[in-house]
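Okay, my_file_2.cif is below, mmCIF, C-alpha atoms:
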```
data_entry
#
loop_
_atom_site.label_atom_id
_atom_site.label_comp_id
_atom_site.auth_asym_id
_atom_site.auth_seq_id
_atom_site.Cartn_x
_atom_site.Cartn_y
_atom_site.Cartn_z
CA MET A 546 153.40 10.80 170.74
CA THR A 547 156.01 12.91 172.44
CA ARG A 548 155.12 16.55 172.54
CA PRO A 549 157.98 18.90 171.64
CA THR A 550 159.21 21.42 174.16
CA LEU A 551 158.29 24.90 172.98
CA THR A 552 160.79 27.64 172.42
CA GLN A 553 159.96 30.76 174.41
CA ALA A 554 161.25 34.18 173.53
CA THR A 555 163.87 35.90 175.62
CA GLY A 556 165.16 39.41 175.17
CA PRO A 557 167.84 41.80 176.34
CA ALA A 558 168.28 42.49 180.04
CA HIS A 559 167.85 46.23 179.74
CA THR A 560 165.83 48.81 177.85
CA ARG A 561 165.84 52.57 177.52
CA ILE A 562 164.13 55.39 175.66
CA LEU A 563 166.10 55.76 172.43
CA GLY A 564 164.46 58.91 171.06
CA LEU A 565 161.71 61.41 171.83
CA GLY A 566 159.44 63.46 169.59
CA ALA A 567 156.73 65.98 170.40
CA VAL A 568 154.25 68.25 168.69
CA ARG A 569 151.80 70.74 170.12
CA GLY A 570 148.60 72.02 168.56
CA GLU A 571 149.17 74.88 166.11
CA LEU A 572 146.94 77.37 167.94
CA THR A 573 147.72 79.24 171.17
CA VAL A 574 144.51 79.77 173.14
CA PRO A 575 144.67 82.28 176.02
CA ASN A 576 142.34 82.08 179.02
CA ASP A 577 140.47 85.16 177.85
CA ASP A 578 139.20 83.21 174.83
CA LEU A 579 137.41 80.72 177.11
CA VAL A 580 136.16 82.70 180.09
CA GLY A 581 132.90 84.05 178.62
CA PRO A 582 130.75 80.89 178.61
CA ILE A 583 131.97 79.85 182.08
CA ASP A 584 131.53 83.30 183.61
CA SER A 585 135.14 83.27 184.77
CA SER A 586 138.34 85.28 184.36
CA ASP A 587 141.95 84.91 183.32
CA GLU A 588 142.96 85.40 186.95
CA TRP A 589 140.57 82.66 188.20
CA ILE A 590 141.92 80.11 185.72
CA ARG A 591 145.54 81.00 186.50
CA GLN A 592 144.96 80.78 190.24
CA ARG A 593 143.02 77.51 190.03
CA THR A 594 145.17 75.71 187.45
CA GLY A 595 148.39 77.58 186.67
CA ILE A 596 147.39 77.66 183.01
CA VAL A 597 148.10 80.88 181.11
CA THR A 598 147.53 79.59 177.59
CA ARG A 599 146.91 76.18 176.10
CA ARG A 600 147.80 74.76 172.69
CA ARG A 601 145.01 73.44 170.51
CA ALA A 602 145.07 71.89 167.07
CA ALA A 603 143.57 73.53 164.01
CA GLU A 604 140.29 72.25 162.62
CA GLY A 605 141.91 70.22 159.85
CA THR A 606 144.39 68.50 162.17
CA ASP A 607 143.21 65.28 163.81
CA VAL A 608 144.70 63.18 166.58
CA LEU A 609 146.39 60.82 164.13
CA ASP A 610 148.10 63.76 162.41
CA LEU A 611 149.52 64.82 165.77
CA ALA A 612 150.54 61.24 166.58
CA GLU A 613 152.21 60.72 163.21
CA ALA A 614 154.28 63.89 163.47
CA ALA A 615 155.50 63.07 166.98
CA ALA A 616 156.20 59.46 165.95
CA ASN A 617 158.36 60.50 163.02
CA ASP A 618 160.33 62.88 165.24
CA ALA A 619 160.90 60.14 167.82
CA ILE A 620 162.07 57.59 165.25
CA LYS A 621 164.46 60.13 163.73
CA ALA A 622 165.79 61.08 167.15
CA ALA A 623 166.42 57.40 167.85
CA GLY A 624 168.46 57.13 164.65
CA LEU A 625 166.03 54.58 163.22
CA THR A 626 163.53 54.34 160.38
CA GLY A 627 159.92 53.19 160.40
CA ALA A 628 161.04 49.77 159.23
CA ASP A 629 162.93 49.28 162.51
CA ILE A 630 159.72 49.59 164.56
CA ASP A 631 157.99 46.29 165.26
CA ALA A 632 155.27 47.39 167.68
CA VAL A 633 153.24 50.62 167.83
CA LEU A 634 151.26 51.56 170.95
CA LEU A 635 148.96 54.56 170.73
CA SER A 636 147.61 55.92 174.01
CA THR A 637 144.63 58.17 173.43
CA VAL A 638 141.06 58.84 174.46
CA THR A 639 140.34 61.14 171.54
CA TYR A 640 140.52 58.86 168.52
CA PHE A 641 136.84 58.66 167.73
CA HIS A 642 136.70 55.29 166.03
CA GLN A 643 135.80 52.22 168.04
CA THR A 644 137.75 50.16 165.51
CA PRO A 645 140.22 49.72 163.89
CA ALA A 646 142.89 50.96 166.28
CA GLY A 647 144.57 54.22 165.37
CA ALA A 648 147.93 52.56 166.07
CA ALA A 649 147.64 50.37 162.97
CA ILE A 650 147.03 53.43 160.79
CA ILE A 651 150.01 55.21 162.36
CA ALA A 652 152.19 52.13 161.81
CA ASP A 653 151.30 52.23 158.14
CA ARG A 654 151.82 55.98 157.81
CA ILE A 655 155.32 55.83 159.30
CA GLY A 656 156.43 52.84 157.23
CA ALA A 657 156.37 50.34 160.09
CA THR A 658 153.92 47.84 158.53
CA PRO A 659 153.63 44.97 159.50
CA ALA A 660 154.42 46.09 163.07
CA ALA A 661 152.05 44.89 165.77
CA ALA A 662 149.81 47.82 166.64
CA TRP A 663 147.15 48.58 169.22
CA ASP A 664 145.61 51.43 171.18
CA ILE A 665 145.79 51.89 174.93
CA SER A 666 142.87 53.42 176.85
CA ALA A 667 144.40 54.62 180.08
CA ALA A 668 143.58 58.32 179.79
CA CYS A 669 146.18 60.57 181.39
CA ALA A 670 148.20 57.54 182.55
CA GLY A 671 148.33 56.21 178.98
CA TYR A 672 151.91 57.20 178.22
CA CYS A 673 153.28 55.55 181.37
CA TYR A 674 151.14 52.47 180.67
CA GLY A 675 152.71 52.41 177.20
CA ILE A 676 156.23 52.65 178.62
CA ALA A 677 155.47 49.72 180.94
CA GLN A 678 154.26 47.59 178.04
CA ALA A 679 157.10 48.59 175.70
CA ASP A 680 159.72 47.80 178.33
CA ALA A 681 158.15 44.38 178.94
CA LEU A 682 157.80 43.59 175.23
CA VAL A 683 161.45 44.33 174.50
CA ARG A 684 162.85 42.53 177.53
CA ALA A 685 160.66 39.52 176.79
CA GLY A 686 162.02 39.37 173.24
CA THR A 687 158.56 39.96 171.75
CA ALA A 688 159.62 43.18 170.01
CA ARG A 689 162.92 44.93 169.30
CA ASN A 690 161.87 48.56 169.00
CA VAL A 691 158.52 49.73 170.33
CA LEU A 692 157.01 53.09 169.44
CA VAL A 693 154.94 54.53 172.30
CA ILE A 694 152.75 57.50 171.46
CA GLY A 695 150.56 59.62 173.72
CA ALA A 696 148.35 61.71 171.44
CA GLU A 697 145.24 63.73 172.13
CA LYS A 698 143.00 66.26 170.49
CA MET A 699 141.20 67.02 173.73
CA SER A 700 139.56 70.07 172.15
CA GLU A 701 137.17 67.62 170.43
CA PHE A 702 136.01 66.55 173.89
CA VAL A 703 135.20 69.92 175.47
CA ASP A 704 132.02 71.75 176.40
CA PRO A 705 132.63 75.52 176.41
CA THR A 706 130.11 75.93 179.27
CA ASP A 707 131.75 73.27 181.49
CA ARG A 708 133.51 74.69 184.54
CA SER A 709 135.03 71.37 185.66
CA ILE A 710 137.71 70.43 183.11
CA SER A 711 137.14 71.70 179.57
CA PHE A 712 139.10 74.94 180.00
CA LEU A 713 142.19 73.01 181.12
CA LEU A 714 142.47 70.89 178.01
CA GLY A 715 144.96 71.15 175.17
CA ASP A 716 146.05 69.18 172.11
CA GLY A 717 149.38 67.55 171.32
CA ALA A 718 151.34 64.35 170.96
CA GLY A 719 154.53 62.94 172.41
CA ALA A 720 156.25 59.78 171.25
CA VAL A 721 159.26 57.70 172.19
CA VAL A 722 161.01 54.62 170.86
CA VAL A 723 161.88 52.01 173.49
CA GLY A 724 164.59 49.51 172.61
CA ALA A 725 167.46 47.43 173.98
CA SER A 726 170.12 49.07 176.12
CA ASP A 727 173.47 48.09 177.59
CA THR A 728 172.48 49.69 180.88
CA PRO A 729 169.13 49.92 182.76
CA GLY A 730 167.07 52.81 181.40
CA ILE A 731 163.52 52.09 182.56
CA GLY A 732 162.76 51.28 186.19
CA PRO A 733 159.94 49.01 187.32
CA THR A 734 156.45 50.40 186.80
CA VAL A 735 154.20 50.87 189.82
CA TRP A 736 150.67 51.00 188.52
CA GLY A 737 147.05 50.28 189.28
CA SER A 738 143.43 51.32 189.05
CA ASP A 739 140.43 52.18 191.22
CA GLY A 740 137.23 51.66 189.29
CA ALA A 741 135.15 52.55 192.36
CA GLN A 742 136.01 56.14 191.43
CA ALA A 743 135.11 55.77 187.75
CA GLN A 744 132.76 58.77 187.98
CA ALA A 745 135.44 61.14 189.23
CA ILE A 746 136.59 61.80 185.63
CA ARG A 747 134.10 60.67 183.03
CA GLN A 748 132.57 60.96 179.60
CA THR A 749 129.15 62.57 180.08
CA HIS A 750 127.28 59.75 178.30
CA SER A 751 127.94 56.76 176.09
CA TRP A 752 127.94 56.48 172.32
CA LEU A 753 124.74 54.45 172.62
CA ASP A 754 123.09 57.49 174.18
CA VAL A 755 124.23 59.55 171.20
CA ARG A 756 122.32 57.14 169.00
CA ASP A 757 119.30 56.57 171.24
CA THR A 758 118.69 59.96 172.85
CA ASP A 759 119.06 63.63 172.06
CA ALA A 760 121.95 63.95 174.51
CA GLY A 761 124.25 65.25 171.79
CA TRP A 762 128.01 65.01 171.60
CA PRO A 763 129.57 63.64 174.82
CA THR A 764 132.27 65.64 176.59
CA LEU A 765 134.44 65.27 179.68
CA ARG A 766 133.59 66.13 183.27
CA GLN A 767 135.48 65.78 186.51
CA GLU A 768 134.85 66.15 190.20
CA GLY A 769 137.66 68.64 190.57
CA PRO A 770 138.15 68.67 194.36
CA THR A 771 137.91 64.86 194.54
CA VAL A 772 140.49 64.45 191.78
CA PHE A 773 142.72 67.05 193.43
CA LYS A 774 142.62 65.17 196.72
CA TRP A 775 143.30 61.81 195.07
CA ALA A 776 146.06 63.01 192.78
CA GLY A 777 147.66 65.46 195.17
CA PHE A 778 147.85 63.15 198.15
CA GLN A 779 147.49 59.52 196.99
CA MET A 780 149.78 59.64 193.97
CA ALA A 781 152.88 60.77 195.86
CA PRO A 782 153.23 57.37 197.61
CA ILE A 783 152.96 55.69 194.19
CA ALA A 784 155.77 57.88 192.89
CA SER A 785 157.82 57.07 195.99
CA GLN A 786 157.27 53.36 195.39
CA ALA A 787 158.53 53.78 191.81
CA MET A 788 161.73 55.39 193.10
CA ALA A 789 162.21 52.62 195.67
CA ALA A 790 161.55 49.93 193.05
CA ALA A 791 164.19 51.51 190.79
CA GLY A 792 166.66 51.71 193.67
CA VAL A 793 167.05 55.48 193.62
CA GLU A 794 166.68 58.06 196.37
CA PRO A 795 164.71 61.31 195.91
CA GLU A 796 167.95 63.31 195.93
CA GLN A 797 169.23 61.23 192.99
CA ILE A 798 166.26 62.20 190.80
CA GLU A 799 167.09 65.02 188.38
CA ALA A 800 163.61 65.68 186.99
CA PHE A 801 160.07 65.11 188.20
CA ILE A 802 157.64 64.91 185.30
CA PRO A 803 154.10 64.31 186.51
CA HIS A 804 151.06 64.32 184.26
CA GLN A 805 150.29 67.96 183.58
CA ALA A 806 146.80 67.94 185.11
CA ASN A 807 146.85 71.13 187.12
CA MET A 808 149.73 73.16 188.58
CA ARG A 809 148.08 72.98 192.02
CA ILE A 810 148.20 69.15 191.87
CA ILE A 811 151.84 69.26 190.78
CA ASP A 812 152.71 71.58 193.68
CA GLN A 813 150.88 69.39 196.18
CA MET A 814 152.66 66.26 194.91
CA ILE A 815 156.05 67.96 195.26
CA LYS A 816 155.15 68.89 198.83
CA GLN A 817 154.08 65.34 199.66
CA LEU A 818 157.12 63.77 197.96
CA LYS A 819 159.51 66.12 199.79
CA LEU A 820 161.66 66.35 196.68
CA PRO A 821 164.87 68.37 197.11
CA GLU A 822 164.98 71.76 195.41
CA SER A 823 167.60 70.46 192.99
CA VAL A 824 164.95 68.43 191.20
CA VAL A 825 163.74 70.13 188.02
CA ILE A 826 159.95 70.06 187.73
CA GLY A 827 158.01 69.62 184.49
CA ARG A 828 155.63 72.57 184.33
CA ASP A 829 154.67 72.52 180.68
CA ILE A 830 150.99 72.90 181.62
CA ALA A 831 151.39 76.68 182.00
CA ASP A 832 151.28 77.24 178.26
CA THR A 833 150.37 73.86 176.78
CA GLY A 834 147.41 72.96 179.02
CA ASN A 835 146.39 69.48 180.06
CA THR A 836 146.98 67.20 177.07
CA SER A 837 146.10 63.91 178.82
CA ALA A 838 148.26 61.04 177.48
CA ALA A 839 150.58 63.47 175.68
CA SER A 840 151.46 65.64 178.65
CA ILE A 841 154.41 63.72 180.12
CA PRO A 842 156.42 63.31 176.90
CA LEU A 843 155.61 66.93 175.98
CA ALA A 844 156.90 68.13 179.36
CA ALA A 845 159.99 65.93 179.00
CA GLU A 846 160.68 67.28 175.53
CA ARG A 847 160.51 70.81 176.84
CA LEU A 848 162.92 70.18 179.72
CA LEU A 849 165.43 68.67 177.28
CA ARG A 850 164.95 71.31 174.57
CA GLU A 851 165.35 74.18 177.01
CA GLY A 852 168.44 72.56 178.55
CA GLN A 853 166.81 72.33 181.99
CA VAL A 854 168.03 68.74 182.23
CA PRO A 855 170.66 66.93 180.15
CA SER A 856 170.26 63.82 178.08
CA GLY A 857 170.83 60.85 180.37
CA ALA A 858 169.14 62.49 183.36
CA LEU A 859 167.08 60.37 185.73
CA ALA A 860 163.42 61.38 185.59
CA LEU A 861 160.56 60.27 187.81
CA GLN A 862 157.34 60.27 185.78
CA ILE A 863 153.81 59.54 186.91
CA GLY A 864 150.57 59.49 184.96
CA PHE A 865 147.14 59.47 186.60
CA GLY A 866 143.64 60.02 185.37
CA ALA A 867 140.24 58.69 184.37
CA GLY A 868 139.60 55.16 185.55
CA LEU A 869 140.89 56.00 187.94
CA VAL A 870 144.23 54.66 186.71
CA TYR A 871 147.84 55.48 187.46
CA ALA A 872 151.39 54.42 186.59
CA ALA A 873 154.83 55.64 187.64
CA GLN A 874 158.38 54.75 186.72
CA VAL A 875 161.89 56.20 186.81
CA VAL A 876 163.45 56.53 183.36
CA VAL A 877 166.69 57.73 181.84
CA LEU A 878 165.86 60.61 179.51
CA PRO A 879 167.14 60.17 175.93
CA MET B 1460 142.08 59.19 222.55
CA ALA B 1461 139.44 61.64 221.38
CA TYR B 1462 140.40 65.27 220.82
CA SER B 1463 138.34 67.94 222.56
CA GLU B 1464 136.64 70.57 220.42
CA GLN B 1465 139.18 73.10 221.71
CA GLU B 1466 142.04 70.87 220.56
CA ILE B 1467 140.38 70.36 217.17
CA GLN B 1468 139.84 74.12 216.79
CA ALA B 1469 143.52 74.79 217.60
CA GLY B 1470 144.77 72.02 215.32
CA LEU B 1471 142.51 73.06 212.47
CA ALA B 1472 143.64 76.68 212.82
CA GLU B 1473 147.24 75.53 212.39
CA ILE B 1474 146.36 73.58 209.24
CA VAL B 1475 144.43 76.52 207.77
CA SER B 1476 147.27 78.89 208.65
CA GLU B 1477 149.81 76.61 206.97
CA GLU B 1478 147.71 76.41 203.79
CA THR B 1479 146.70 80.08 203.56
CA GLY B 1480 149.35 82.05 205.40
CA LEU B 1481 146.68 83.57 207.65
CA PRO B 1482 147.55 83.93 211.37
CA THR B 1483 146.04 81.15 213.49
CA ASP B 1484 144.15 83.64 215.66
CA SER B 1485 142.14 84.75 212.61
CA VAL B 1486 140.79 81.22 212.08
CA LEU B 1487 137.81 81.60 214.40
CA PRO B 1488 134.84 79.21 214.67
CA GLU B 1489 132.39 81.66 213.09
CA LYS B 1490 134.58 82.33 210.05
CA SER B 1491 133.37 81.09 206.67
CA PHE B 1492 136.05 79.19 204.76
CA THR B 1493 135.11 80.80 201.46
CA ASP B 1494 133.70 84.22 202.33
CA ASP B 1495 135.96 85.18 205.24
CA LEU B 1496 139.12 83.15 204.76
CA ASP B 1497 139.10 83.17 200.93
CA ILE B 1498 139.73 79.43 200.71
CA ASP B 1499 138.88 77.85 197.35
CA SER B 1500 137.70 74.27 196.82
CA LEU B 1501 141.19 72.89 196.14
CA SER B 1502 142.70 74.48 199.24
CA MET B 1503 139.69 73.19 201.17
CA MET B 1504 140.52 69.63 200.05
CA THR B 1505 144.10 70.10 201.26
CA ILE B 1506 142.81 71.30 204.64
CA VAL B 1507 140.34 68.39 204.84
CA THR B 1508 143.00 65.82 203.96
CA LEU B 1509 145.45 67.18 206.52
CA ALA B 1510 142.68 67.30 209.14
CA GLU B 1511 141.77 63.68 208.39
CA GLU B 1512 145.37 62.67 209.01
CA LYS B 1513 145.81 64.81 212.12
CA PHE B 1514 142.59 63.74 213.84
CA SER B 1515 142.33 60.20 212.41
CA VAL B 1516 138.85 60.74 210.99
CA ARG B 1517 137.27 60.34 207.57
CA ILE B 1518 135.53 63.31 205.97
CA PRO B 1519 133.74 62.15 202.79
CA ASP B 1520 134.14 64.43 199.76
CA ASP B 1521 130.36 64.86 199.60
CA GLU B 1522 130.37 66.19 203.16
CA VAL B 1523 132.92 68.93 202.51
CA LYS B 1524 130.41 71.26 200.85
CA ASN B 1525 128.39 71.27 204.10
CA LEU B 1526 131.34 72.54 206.12
CA THR B 1527 130.67 76.24 205.67
CA THR B 1528 132.42 77.61 208.73
CA VAL B 1529 135.44 76.60 210.79
CA GLY B 1530 133.00 75.71 213.57
CA ASP B 1531 131.12 73.36 211.21
CA ALA B 1532 134.36 71.51 210.53
CA VAL B 1533 135.25 71.33 214.23
CA SER B 1534 131.82 69.88 215.03
CA TYR B 1535 132.01 67.38 212.20
CA ILE B 1536 135.48 66.17 213.19
CA SER B 1537 134.45 65.95 216.82
CA GLY B 1538 131.43 63.84 215.90
CA ALA B 1539 133.33 61.71 213.41
CA GLN B 1540 135.97 60.66 215.92
CA SER B 1541 133.37 59.43 218.35
CA ALA B 1542 131.40 57.63 215.61
#
```

What would you get if you wrote out this structure as structure tokens?
Amino acid sequence: MTRPTLTQATGPAHTRILGLGAVRGELTVPNDDLVGPIDSSDEWIRQRTGIVTRRRAAEGTDVLDLAEAAANDAIKAAGLTGADIDAVLLSTVTYFHQTPAGAAIIADRIGATPAAAWDISAACAGYCYGIAQADALVRAGTARNVLVIGAEKMSEFVDPTDRSISFLLGDGAGAVVVGASDTPGIGPTVWGSDGAQAQAIRQTHSWLDVRDTDAGWPTLRQEGPTVFKWAGFQMAPIASQAMAAAGVEPEQIEAFIPHQANMRIIDQMIKQLKLPESVVIGRDIADTGNTSAASIPLAAERLLREGQVPSGALALQIGFGAGLVYAAQVVVLP
Amino acid sequence: MAYSEQEIQAGLAEIVSEETGLPTDSVLPEKSFTDDLDIDSLSMMTIVTLAEEKFSVRIPDDEVKNLTTVGDAVSYISGAQSA
């Protein structure tokens, strides 16, 4: 018997972000609302993090509601409908079902069924991980239009008495559609992980402990100074590699949109990267807070909405967080 | 080549000055990073990282909390480079 030669998929040479959508939690939470249980002050939080207020979702709004709203905005901005989407990637750490994936539910809600759909667990790097996968899926011919969503209701994961990370966290969702392009719109992704530092940002205990002990609801913790050192100093070379891989020089970058972890980390990264002053910096954290996987698309949306950068601008984006994991790429903003 | 404690003190004072804006001659060995120089834990990590690069030593994150004064850091760096 002669075995047939298989047909393998091939896709377009280039991809780009076709449309962007973003939603923030309905509530504005100032520092003064959080300082009591951590024996702190508005000034201390501002000085340590650059956060003035953060956005949090109302009690009746869940992470899928945020994801759905951002997804619909992104599809509309791309000039498409749900039926045009054939893969849905949802990056989140705050969808509290082990299975099924939230992405499948979102696909159904937005009219994309039977799109392929799965969740990505890459914490604050989740959006950039999603962009890497979407770019590869389209260029491989596996999907035509991929919806990438970073959505978090981090306020479900906070301990009001925690002084390490809880007071930084906010809720929101950002989404983009990645599809074929006549010109290159997504540079190579430089990414990786370092599981030896898994404890640096962590869930306090597992779901099994919730069942087997009286540990209660798990929340997030971080070793703040350790994370600051890692993100502030070791992520800049990753971002530089992403620029080199895309064939662009720092002075050709129009926007730098790092994960909105902490303004001090952002400032340290800028220093290490030696970016020229002409580069516009995403600083959405000041009044949105740290929204994990949602923070980069939210910051991008703000820069575009406020006219700080034009459509078509080259943006260097880098996500980094629990894992530890990281991913960076240069993209053309929609 | 190992740095002398005097060279480490001078180099560390420059790093602290760069991070905090304080004059180098105020960064004395007996000064406490937190109580006297008003350096918080994030600035301390910046100082530690820059000192690691400048003096080619490794200062583990767990060790940083033991470096109370400038002199503590000078001693640690001096010992670490000969280790």

Q: Kindly determine which residues of chain B lie within 8 Å of chain A, considering all atoms listed in the file, and give the answer as a count of residues only.
A: 6

Q. In Å, how far is it from CA of Asn690 (chain A) to CA of Ile802 (chain A)?
A. 23.5 Å

Could you tell me which residues the PyMOL selection byres ((chain A and resi 718-728) around 7) grabs in this file, written as a PDB file with C-alpha atoms, in the coordinates of the input?
```
ATOM      1  CA  PRO A 557     167.840  41.800 176.340  1.00  0.00           C
ATOM      2  CA  HIS A 559     167.850  46.230 179.740  1.00  0.00           C
ATOM      3  CA  THR A 560     165.830  48.810 177.850  1.00  0.00           C
ATOM      4  CA  ARG A 561     165.840  52.570 177.520  1.00  0.00           C
ATOM      5  CA  ILE A 562     164.130  55.390 175.660  1.00  0.00           C
ATOM      6  CA  LEU A 563     166.100  55.760 172.430  1.00  0.00           C
ATOM      7  CA  GLY A 564     164.460  58.910 171.060  1.00  0.00           C
ATOM      8  CA  LEU A 565     161.710  61.410 171.830  1.00  0.00           C
ATOM      9  CA  GLY A 566     159.440  63.460 169.590  1.00  0.00           C
ATOM     10  CA  ALA A 567     156.730  65.980 170.400  1.00  0.00           C
ATOM     11  CA  VAL A 568     154.250  68.250 168.690  1.00  0.00           C
ATOM     12  CA  ARG A 569     151.800  70.740 170.120  1.00  0.00           C
ATOM     13  CA  LEU A 611     149.520  64.820 165.770  1.00  0.00           C
ATOM     14  CA  ALA A 612     150.540  61.240 166.580  1.00  0.00           C
ATOM     15  CA  ALA A 615     155.500  63.070 166.980  1.00  0.00           C
ATOM     16  CA  ALA A 616     156.200  59.460 165.950  1.00  0.00           C
ATOM     17  CA  ALA A 619     160.900  60.140 167.820  1.00  0.00           C
ATOM     18  CA  ILE A 620     162.070  57.590 165.250  1.00  0.00           C
ATOM     19  CA  ALA A 623     166.420  57.400 167.850  1.00  0.00           C
ATOM     20  CA  ALA A 679     157.100  48.590 175.700  1.00  0.00           C
ATOM     21  CA  ASP A 680     159.720  47.800 178.330  1.00  0.00           C
ATOM     22  CA  VAL A 683     161.450  44.330 174.500  1.00  0.00           C
ATOM     23  CA  ARG A 689     162.920  44.930 169.300  1.00  0.00           C
ATOM     24  CA  ASN A 690     161.870  48.560 169.000  1.00  0.00           C
ATOM     25  CA  VAL A 691     158.520  49.730 170.330  1.00  0.00           C
ATOM     26  CA  LEU A 692     157.010  53.090 169.440  1.00  0.00           C
ATOM     27  CA  VAL A 693     154.940  54.530 172.300  1.00  0.00           C
ATOM     28  CA  ILE A 694     152.750  57.500 171.460  1.00  0.00           C
ATOM     29  CA  GLY A 695     150.560  59.620 173.720  1.00  0.00           C
ATOM     30  CA  ALA A 696     148.350  61.710 171.440  1.00  0.00           C
ATOM     31  CA  GLU A 697     145.240  63.730 172.130  1.00  0.00           C
ATOM     32  CA  GLY A 717     149.380  67.550 171.320  1.00  0.00           C
ATOM     33  CA  PRO A 729     169.130  49.920 182.760  1.00  0.00           C
ATOM     34  CA  GLY A 730     167.070  52.810 181.400  1.00  0.00           C
ATOM     35  CA  ALA A 839     150.580  63.470 175.680  1.00  0.00           C
ATOM     36  CA  PRO A 842     156.420  63.310 176.900  1.00  0.00           C
ATOM     37  CA  LEU A 843     155.610  66.930 175.980  1.00  0.00           C
TER      38      LEU A 843
END
```

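Taking all atoms listed in the file into account, Glu1512 (chain B) lies nearest to B:Gln1540 out of the set B:Thr1483, B:Gln1540, B:Ser1534, B:Thr1528.
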
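From CA of Leu572 (chain A) back to CA of Thr764 (chain A), the distance works out to 20.7 Å.
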
Q: Given the file shown, determine the residues that the PyMOL selection byres ((chain B and resi 1467) around 9) selects; report them as number ranges by chain.
A: B: 1462-1466, 1468-1472, 1510, 1514, 1533-1534, 1536-1537

Q: Run the PyMOL selection byres ((chain A and resi 732) around 8) on the file and write out the hits as a VMD selection string.
A: chain A and resid 729 to 731 733 to 734 787 790 to 791 874 to 876

(Q) Between A:Gln853, A:Leu609, A:Leu753, A:Ser823, which residue has the minimum interatomic distance to Phe641 (chain A), considering all atoms listed in the file? (A) A:Leu609

Q: Quick one: pull the distance between CA of Ala831 (chain A) and CA of Glu796 (chain A), Å, one decimal.
A: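 Distance between the two atoms: 25.4 Å.
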
(Q) Give me the residues near Ala657 (chain A) as an MDAnalysis selection string, where near means some atom within 8 Å (using all atoms listed in the file) and where sequence neighbours in that chain fewer than 2 positions away do not count. (A) chainID A and resid 627:631 652:655 659:660

Q | Contacts of Asp584 (chain A) within 10 Å, only C-alpha atoms, excl. fewer than 5 positions in-chain, as a list in words | A |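 Once the adjacent positions are removed, what remains is Leu579, Thr706 and Arg708 of chain A.
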
Can you sort out the box for region 1516-1521 of chain B, edges along x, y and z, all listed atoms in, 3 Å on every side, with centre and edge lengths in Å to one decimal, as JSON?
```
{"center_x": 134.6, "center_y": 62.6, "center_z": 205.3, "size_x": 14.5, "size_y": 10.5, "size_z": 17.4}
```

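Applying the 7 Å criterion to (128.7, 61.7, 175.3) in file coordinates and using all atoms listed in the file, one obtains the residues Gln748, Thr749, His750, Ser751, Trp752, Val755, Gly761, Trp762, Pro763 and Thr764 of chain A.
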
Could you list, as a PDB file with C-alpha atoms, in the frame of the given file, every residue within 12 Å of Leu1526 (chain B), counting all atoms listed in the file and ignoring same-chain residues fewer than 5 positions away?
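Generated output (selection-v7.pdb):
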```
ATOM      1  CA  PRO B1488     134.840  79.210 214.670  1.00  0.00           C
ATOM      2  CA  GLU B1489     132.390  81.660 213.090  1.00  0.00           C
ATOM      3  CA  LYS B1490     134.580  82.330 210.050  1.00  0.00           C
ATOM      4  CA  SER B1491     133.370  81.090 206.670  1.00  0.00           C
ATOM      5  CA  PHE B1492     136.050  79.190 204.760  1.00  0.00           C
ATOM      6  CA  THR B1493     135.110  80.800 201.460  1.00  0.00           C
ATOM      7  CA  SER B1500     137.700  74.270 196.820  1.00  0.00           C
ATOM      8  CA  MET B1503     139.690  73.190 201.170  1.00  0.00           C
ATOM      9  CA  MET B1504     140.520  69.630 200.050  1.00  0.00           C
ATOM     10  CA  ILE B1506     142.810  71.300 204.640  1.00  0.00           C
ATOM     11  CA  VAL B1507     140.340  68.390 204.840  1.00  0.00           C
ATOM     12  CA  ILE B1518     135.530  63.310 205.970  1.00  0.00           C
ATOM     13  CA  PRO B1519     133.740  62.150 202.790  1.00  0.00           C
ATOM     14  CA  ASP B1520     134.140  64.430 199.760  1.00  0.00           C
ATOM     15  CA  ASP B1521     130.360  64.860 199.600  1.00  0.00           C
ATOM     16  CA  ASP B1531     131.120  73.360 211.210  1.00  0.00           C
ATOM     17  CA  ALA B1532     134.360  71.510 210.530  1.00  0.00           C
ATOM     18  CA  VAL B1533     135.250  71.330 214.230  1.00  0.00           C
ATOM     19  CA  SER B1534     131.820  69.880 215.030  1.00  0.00           C
ATOM     20  CA  TYR B1535     132.010  67.380 212.200  1.00  0.00           C
ATOM     21  CA  ILE B1536     135.480  66.170 213.190  1.00  0.00           C
TER      22      ILE B1536
END
```

**Q.** Residue with smallest distance to Gly868 (chain A) - pool A:Gly671, A:Gly834, A:Pro782, A:Gly740, counting all atoms listed in the file
**A.**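 Checking each of A:Gly671, A:Gly834, A:Pro782, A:Gly740 against Gly868 (chain A), counting all atoms listed in the file, the winner is A:Gly740.
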